[in-house]
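Okay, entry_20.txt now, which holds compact mmCIF, C-alpha atoms:
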```txt
# COMPACT_ATOMS: atom_id res chain seq x y z
CA GLY A 133 99.87 112.29 76.57
CA ASP A 134 97.13 112.82 79.09
CA SER A 135 97.71 115.36 81.83
CA VAL A 136 95.95 117.13 84.67
CA THR A 137 96.77 120.61 85.89
CA GLN A 138 95.44 122.01 89.13
CA MET A 139 96.10 125.17 91.02
CA GLU A 140 99.04 125.17 93.36
CA GLY A 141 98.49 125.59 97.03
CA PRO A 142 98.45 126.04 99.78
CA VAL A 143 95.03 127.59 99.88
CA THR A 144 94.26 129.09 103.26
CA LEU A 145 90.68 129.93 104.12
CA SER A 146 88.57 130.86 107.09
CA GLU A 147 85.77 128.59 108.21
CA GLU A 148 82.54 129.06 106.22
CA ALA A 149 84.40 130.59 103.28
CA PHE A 150 83.79 129.51 99.69
CA LEU A 151 86.35 127.15 98.21
CA THR A 152 87.26 126.71 94.56
CA ILE A 153 90.10 124.55 93.31
CA ASN A 154 90.68 124.79 89.58
CA CYS A 155 91.44 121.70 87.53
CA THR A 156 91.95 121.44 83.79
CA TYR A 157 92.90 118.41 81.77
CA THR A 158 94.35 117.33 78.45
CA ALA A 159 93.11 114.05 77.04
CA THR A 160 91.66 112.56 73.91
CA GLY A 161 88.03 111.64 73.80
CA TYR A 162 85.96 111.66 76.94
CA PRO A 163 87.95 110.69 80.02
CA SER A 164 86.37 110.05 83.39
CA LEU A 165 87.24 112.72 85.94
CA PHE A 166 87.79 112.38 89.66
CA TRP A 167 88.55 114.34 92.77
CA TYR A 168 90.42 112.56 95.54
CA VAL A 169 91.08 113.89 99.03
CA GLN A 170 93.93 112.99 101.35
CA TYR A 171 93.45 113.86 105.00
CA PRO A 172 96.56 114.08 107.19
CA GLY A 173 98.06 110.66 107.81
CA GLU A 174 95.54 108.84 105.63
CA GLY A 175 95.38 107.41 102.13
CA LEU A 176 93.65 109.06 99.21
CA GLN A 177 89.86 108.74 99.21
CA LEU A 178 87.53 109.21 96.31
CA LEU A 179 85.56 112.41 96.87
CA LEU A 180 83.49 112.56 93.70
CA LYS A 181 83.57 111.70 90.04
CA ALA A 182 81.96 112.39 86.68
CA THR A 183 82.07 110.17 83.65
CA LYS A 184 80.61 112.28 80.85
CA ALA A 185 80.26 115.87 79.74
CA ASP A 186 77.96 118.06 81.86
CA ASP A 187 77.82 115.47 84.63
CA LYS A 188 77.99 116.95 88.11
CA GLY A 189 79.67 114.96 90.86
CA SER A 190 78.82 115.82 94.44
CA ASN A 191 79.66 114.55 97.90
CA LYS A 192 80.01 116.02 101.40
CA GLY A 193 79.00 119.45 100.14
CA PHE A 194 81.61 119.43 97.39
CA GLU A 195 80.64 119.71 93.73
CA ALA A 196 82.41 119.58 90.39
CA THR A 197 80.97 119.76 86.87
CA TYR A 198 82.55 118.06 83.86
CA ARG A 199 83.01 120.84 81.30
CA LYS A 200 84.10 119.43 77.96
CA GLU A 201 84.21 122.83 76.24
CA THR A 202 86.73 124.19 78.73
CA THR A 203 88.30 120.81 79.61
CA SER A 204 87.78 121.61 83.27
CA PHE A 205 86.53 119.95 86.44
CA HIS A 206 86.73 122.63 89.11
CA LEU A 207 85.98 121.64 92.69
CA GLU A 208 83.75 123.89 94.79
CA LYS A 209 82.31 123.98 98.27
CA GLY A 210 80.09 126.75 99.53
CA SER A 211 81.06 126.75 103.20
CA VAL A 212 84.21 124.98 104.31
CA GLN A 213 84.92 123.56 107.74
CA VAL A 214 88.16 123.00 109.59
CA SER A 215 87.70 119.29 108.91
CA ASP A 216 88.03 119.99 105.17
CA SER A 217 91.72 120.72 105.63
CA ALA A 218 93.43 118.22 103.38
CA VAL A 219 95.21 117.76 100.07
CA TYR A 220 92.91 117.52 97.07
CA PHE A 221 93.89 115.72 93.86
CA CYS A 222 92.19 116.01 90.51
CA ALA A 223 92.60 112.93 88.31
CA LEU A 224 91.43 111.33 85.08
CA VAL A 225 91.10 107.92 83.56
CA PRO A 226 91.30 107.89 79.75
CA TYR A 227 88.25 106.92 77.77
CA LYS A 228 87.84 103.15 77.74
CA ALA A 229 91.10 102.69 79.60
CA ALA A 230 91.53 99.38 81.25
CA GLY A 231 92.51 98.90 84.84
CA ASN A 232 91.60 102.30 86.24
CA LYS A 233 94.96 103.84 85.40
CA LEU A 234 94.70 107.27 86.94
CA THR A 235 96.61 110.36 85.88
CA PHE A 236 96.82 112.82 88.77
CA GLY A 237 97.26 116.53 89.09
CA GLY A 238 99.88 117.84 91.48
CA GLY A 239 97.53 118.20 94.43
CA THR A 240 96.32 121.31 96.22
CA ARG A 241 96.73 121.66 99.96
CA VAL A 242 93.81 123.38 101.66
CA LEU A 243 94.04 124.74 105.17
CA VAL A 244 90.87 125.95 106.85
CA LYS A 245 91.34 128.08 109.93
CA PRO A 246 88.68 128.44 112.63
CA GLY B 82 84.88 101.94 102.25
CA ALA B 83 87.48 99.28 101.73
CA VAL B 84 90.80 99.63 103.56
CA VAL B 85 94.28 99.45 102.12
CA SER B 86 97.23 99.57 104.46
CA GLN B 87 100.89 100.22 103.71
CA HIS B 88 103.86 99.33 105.84
CA PRO B 89 106.15 100.87 106.82
CA SER B 90 104.75 104.39 106.75
CA TRP B 91 108.26 105.76 106.75
CA VAL B 92 111.70 104.24 106.43
CA ILE B 93 115.26 105.55 106.44
CA CYS B 94 118.00 103.43 104.96
CA LYS B 95 121.60 103.63 103.90
CA SER B 96 122.60 103.93 100.27
CA GLY B 97 123.07 100.53 98.66
CA THR B 98 120.58 98.66 100.81
CA SER B 99 117.22 97.28 99.70
CA VAL B 100 113.89 98.28 101.17
CA LYS B 101 110.59 96.44 100.97
CA ILE B 102 107.24 98.20 101.21
CA GLU B 103 104.07 96.20 101.73
CA CYS B 104 100.58 97.02 100.53
CA ARG B 105 97.70 95.05 101.98
CA SER B 106 94.00 95.08 101.24
CA LEU B 107 92.46 94.45 104.65
CA ASP B 108 88.84 93.66 103.89
CA PHE B 109 88.67 92.75 100.23
CA GLN B 110 90.55 90.75 97.66
CA ALA B 111 92.60 92.95 95.38
CA THR B 112 93.07 91.47 91.95
CA THR B 113 94.92 94.55 90.76
CA MET B 114 97.23 96.86 92.63
CA PHE B 115 98.95 99.99 91.44
CA TRP B 116 102.15 101.57 92.72
CA TYR B 117 102.71 105.31 92.52
CA ARG B 118 105.59 107.57 93.34
CA GLN B 119 105.18 111.16 94.44
CA PHE B 120 107.92 113.75 94.50
CA PRO B 121 107.52 116.82 96.72
CA LYS B 122 104.88 119.19 95.36
CA GLN B 123 104.38 117.02 92.28
CA SER B 124 101.79 114.64 90.94
CA LEU B 125 101.50 110.99 91.76
CA MET B 126 103.25 109.13 88.97
CA LEU B 127 102.13 105.61 88.15
CA MET B 128 105.07 103.25 88.35
CA ALA B 129 103.53 99.86 87.69
CA THR B 130 100.40 97.76 87.67
CA SER B 131 100.43 94.38 89.32
CA ASN B 132 97.92 91.60 88.92
CA GLU B 133 97.79 88.74 91.37
CA GLY B 134 99.83 85.79 90.17
CA SER B 135 101.41 87.47 87.17
CA LYS B 136 104.30 89.77 86.41
CA ALA B 137 103.88 93.48 86.98
CA THR B 138 103.50 95.86 84.06
CA TYR B 139 105.86 98.80 84.38
CA GLU B 140 105.34 102.28 83.01
CA GLN B 141 107.82 103.68 80.56
CA GLY B 142 110.97 104.89 82.24
CA VAL B 143 110.55 102.79 85.40
CA GLU B 144 113.39 100.33 85.94
CA LYS B 145 111.87 96.93 86.67
CA ASP B 146 115.13 95.62 88.11
CA LYS B 147 115.28 98.58 90.45
CA PHE B 148 111.70 98.45 91.63
CA LEU B 149 110.70 94.84 92.12
CA ILE B 150 106.98 94.26 92.50
CA ASN B 151 105.43 91.06 93.73
CA HIS B 152 101.71 90.37 93.99
CA ALA B 153 101.77 86.90 95.42
CA SER B 154 98.32 86.88 96.99
CA LEU B 155 94.98 88.61 96.61
CA THR B 156 95.64 90.75 99.67
CA LEU B 157 99.33 91.59 99.42
CA SER B 158 101.62 93.35 96.99
CA THR B 159 105.19 94.34 97.77
CA LEU B 160 107.50 96.92 96.25
CA THR B 161 111.20 96.37 96.82
CA VAL B 162 113.57 99.22 96.06
CA THR B 163 116.85 97.45 95.34
CA SER B 164 120.24 99.03 95.99
CA ALA B 165 118.58 102.25 97.00
CA HIS B 166 120.24 105.59 96.34
CA PRO B 167 119.35 109.09 97.54
CA GLU B 168 117.51 109.83 94.29
CA ASP B 169 115.10 107.01 95.18
CA SER B 170 113.94 109.00 98.19
CA SER B 171 110.28 109.65 97.66
CA PHE B 172 106.72 109.00 98.80
CA TYR B 173 105.40 105.69 97.49
CA ILE B 174 101.67 105.04 97.40
CA CYS B 175 99.76 101.91 96.47
CA SER B 176 96.17 101.49 95.44
CA ALA B 177 94.05 98.42 95.04
CA ARG B 178 91.01 97.36 93.08
CA GLY B 179 89.02 94.24 93.75
CA LEU B 180 86.34 92.23 92.04
CA ALA B 181 83.73 93.32 94.54
CA VAL B 182 84.52 97.06 94.32
CA THR B 183 84.25 97.70 90.61
CA GLY B 184 85.29 101.07 89.35
CA GLU B 185 86.84 102.47 92.49
CA LEU B 186 90.42 102.41 93.66
CA PHE B 187 91.33 102.38 97.33
CA PHE B 188 94.60 103.93 98.39
CA GLY B 189 97.09 103.18 101.09
CA GLU B 190 98.38 105.94 103.32
CA GLY B 191 101.74 106.00 101.62
CA SER B 192 105.31 105.16 102.60
CA ARG B 193 108.03 107.77 102.79
CA LEU B 194 111.46 106.47 101.89
CA THR B 195 114.58 108.44 102.74
CA VAL B 196 117.90 107.10 101.49
CA LEU B 197 120.96 108.54 103.16
```
In C-alpha cells, write the structure found in this file.
Amino acid sequence: GDSVTQMEGPVTLSEEAFLTINCTYTATGYPSLFWYVQYPGEGLQLLLKATKADDKGSNKGFEATYRKETTSFHLEKGSVQVSDSAVYFCALVPYKAAGNKLTFGGGTRVLVKP
Amino acid sequence: GAVVSQHPSWVICKSGTSVKIECRSLDFQATTMFWYRQFPKQSLMLMATSNEGSKATYEQGVEKDKFLINHASLTLSTLTVTSAHPEDSSFYICSARGLAVTGELFFGEGSRLTVL
C-alpha cells in the first residue's frame, strides 16, 4: 500500500540555520504530496503542496519539490526562526483518490533555539 | 483559514467506560470529516471517514462497534470510544472538508485519551 517515510526527530537547530526534512513515499501513479505543520497546542495546518512531478510548493519561506525519479518531497527552509518550532508531517493523497484520504509520515519535531 | 475544534483536548477515564470526543467545524459546513489516531512517535492512521447524514466508512482493522462515529450535522462529528481499555489510549485527531473549501482539509487540535 501507499506509505510515507520521513526522518525521525527531534531536529534541533539554531536560529537562521538551514533546515531540511527528508520525505520519501511509496505509491502507484502520481500522488499529490503535502507538508503539514503542527504548532504546539494547535491542529495540523497545510504548509504547502505539489500535485505533479517537478512542481515546487512554497509557503512562509519553506519549499519542497516533487521528485518523481527519487519519490521524494524534501522540505527546506533557508533560515529558520524560533517560531518555526513545530512538528512537520509529510503526507500524500493517491492519484485520483476520492475524499482527500491522506497517508501521513511519522512526523518530525523541529526545535529552533535562539 | 477555516477552524476545526475538538473537545475535550484531553480526557482520562477508567477502563470499561465510554468516552465521546467532539469535532466541530466552526466557520464552515463540513460535508466530510475524517478521524485519525496517532500513537506516540508514529504516523496518523486514518480510522474512518464520515459523511453528514450517512454511516461512517471504516478503514480495515478498525472496529466499528468499538469506535462509534456519528456525523449528525454539517458542523459536528463525534467519536465515541466504547468500553475503553488501556490499549485505546491514544491521540485522536479529526479533520474536516467542506463544499466551500475544496481540496484542503482542516484539522482539529487533537484529543488525548488516557484509559486507566
- Give the answer as one residue: which of A:Tyr162, A:Tyr157, A:Phe194, A:Asp134 has the shortest atom-to-atom distance to Ser211 of chain A, using all atoms listed in the file? A:Phe194
- Message: Calculated over only C-alpha atoms, which of the candidates B:Val196, B:Asn151, B:Ser124, B:Thr159 has the smallest distance to Lys136 of chain B?
- Response: B:Asn151
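Residue list for chain A within 7 Å of chain B: Gly173, Glu174, Gly175, Leu176, Gln177, Phe236, Gly237, Gly238 and Gly239 of chain A, counting all atoms listed in the file.
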Write the selection just made, keeping C-alpha atoms, as a PDB file, in the frame of the given file?
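Writing the result to part.pdb gives the following:
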```
ATOM      1  CA  GLY A 173      98.060 110.660 107.810  1.00  0.00           C
ATOM      2  CA  GLU A 174      95.540 108.840 105.630  1.00  0.00           C
ATOM      3  CA  GLY A 175      95.380 107.410 102.130  1.00  0.00           C
ATOM      4  CA  LEU A 176      93.650 109.060  99.210  1.00  0.00           C
ATOM      5  CA  GLN A 177      89.860 108.740  99.210  1.00  0.00           C
ATOM      6  CA  PHE A 236      96.820 112.820  88.770  1.00  0.00           C
ATOM      7  CA  GLY A 237      97.260 116.530  89.090  1.00  0.00           C
ATOM      8  CA  GLY A 238      99.880 117.840  91.480  1.00  0.00           C
ATOM      9  CA  GLY A 239      97.530 118.200  94.430  1.00  0.00           C
TER      10      GLY A 239
END
```
- Pick out the closest residue to Phe172 of chain B from this set: B:Ser158, B:Leu197, B:Ala111, B:Trp91. Count all atoms listed in the file. B:Trp91
- Message: I want to know what sits within 8 Å of Leu160 of chain B, based on only C-alpha atoms, with residues of the same chain fewer than 5 positions away left out; could you give that as a PyMOL selection string?
- Response: chain B and resi 101-103+116+148-151
- Message: Env of segment 137-150 of chain A: 8 Å cut, atoms = only C-alpha atoms, seq-sep filter 2 positions within chain, self excluded. Answer as a PyMOL selection string.
- Response: chain A and resi 135+152-157+208-214+222+237-246
- Task: Considering only C-alpha atoms, return as a ChimeraX atom specification whatever protein or nucleic-acid residues lie within 7 Å of segment 165-171 of chain A, sequence-local ones (same chain, fewer than 2 positions apart) excluded.
- Result: /A:163,173-183,218-225
- In Å, with one decimal, what is the gap from atom CA of Asp146 of chain B to atom CA of Leu194 of chain B? 17.9 Å
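Of the listed residues (A:Asp186, A:Thr235, A:Ser215, A:Tyr227), A:Asp186 comes nearest to Thr203 of chain A; the distances count only C-alpha atoms.
With all atoms listed in the file as the basis for measurement, B:His152 is the residue among B:Lys95, B:His152, B:Lys145, B:His88 that approaches Gln110 of chain B most closely.
Taking atom CA of Ser154 of chain B and atom CA of Ala83 of chain B as the two end points, the separation is 17.1 Å.
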- Could you jot down the atom CA of Ser170 of chain B to atom CA of Ser99 of chain B separation for me, Å, one decimal place? 12.3 Å
- Item | Counting only C-alpha atoms, the residue of B:Ala137, B:Leu155, B:Cys94, B:Val162 that sits nearest Arg118 of chain B | B:Val162
Which residues, written as a PDB file with C-alpha atoms, in the coordinates of the input, have at least one atom at most 6 Å from Glu195 of chain A, with only C-alpha atoms counted and residues fewer than 3 positions away on the same chain left out?
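Result file follows (result14.pdb):
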```pdb
ATOM      1  CA  GLY A 189      79.670 114.960  90.860  1.00  0.00           C
ATOM      2  CA  SER A 190      78.820 115.820  94.440  1.00  0.00           C
ATOM      3  CA  LEU A 207      85.980 121.640  92.690  1.00  0.00           C
ATOM      4  CA  GLU A 208      83.750 123.890  94.790  1.00  0.00           C
TER       5      GLU A 208
END
```
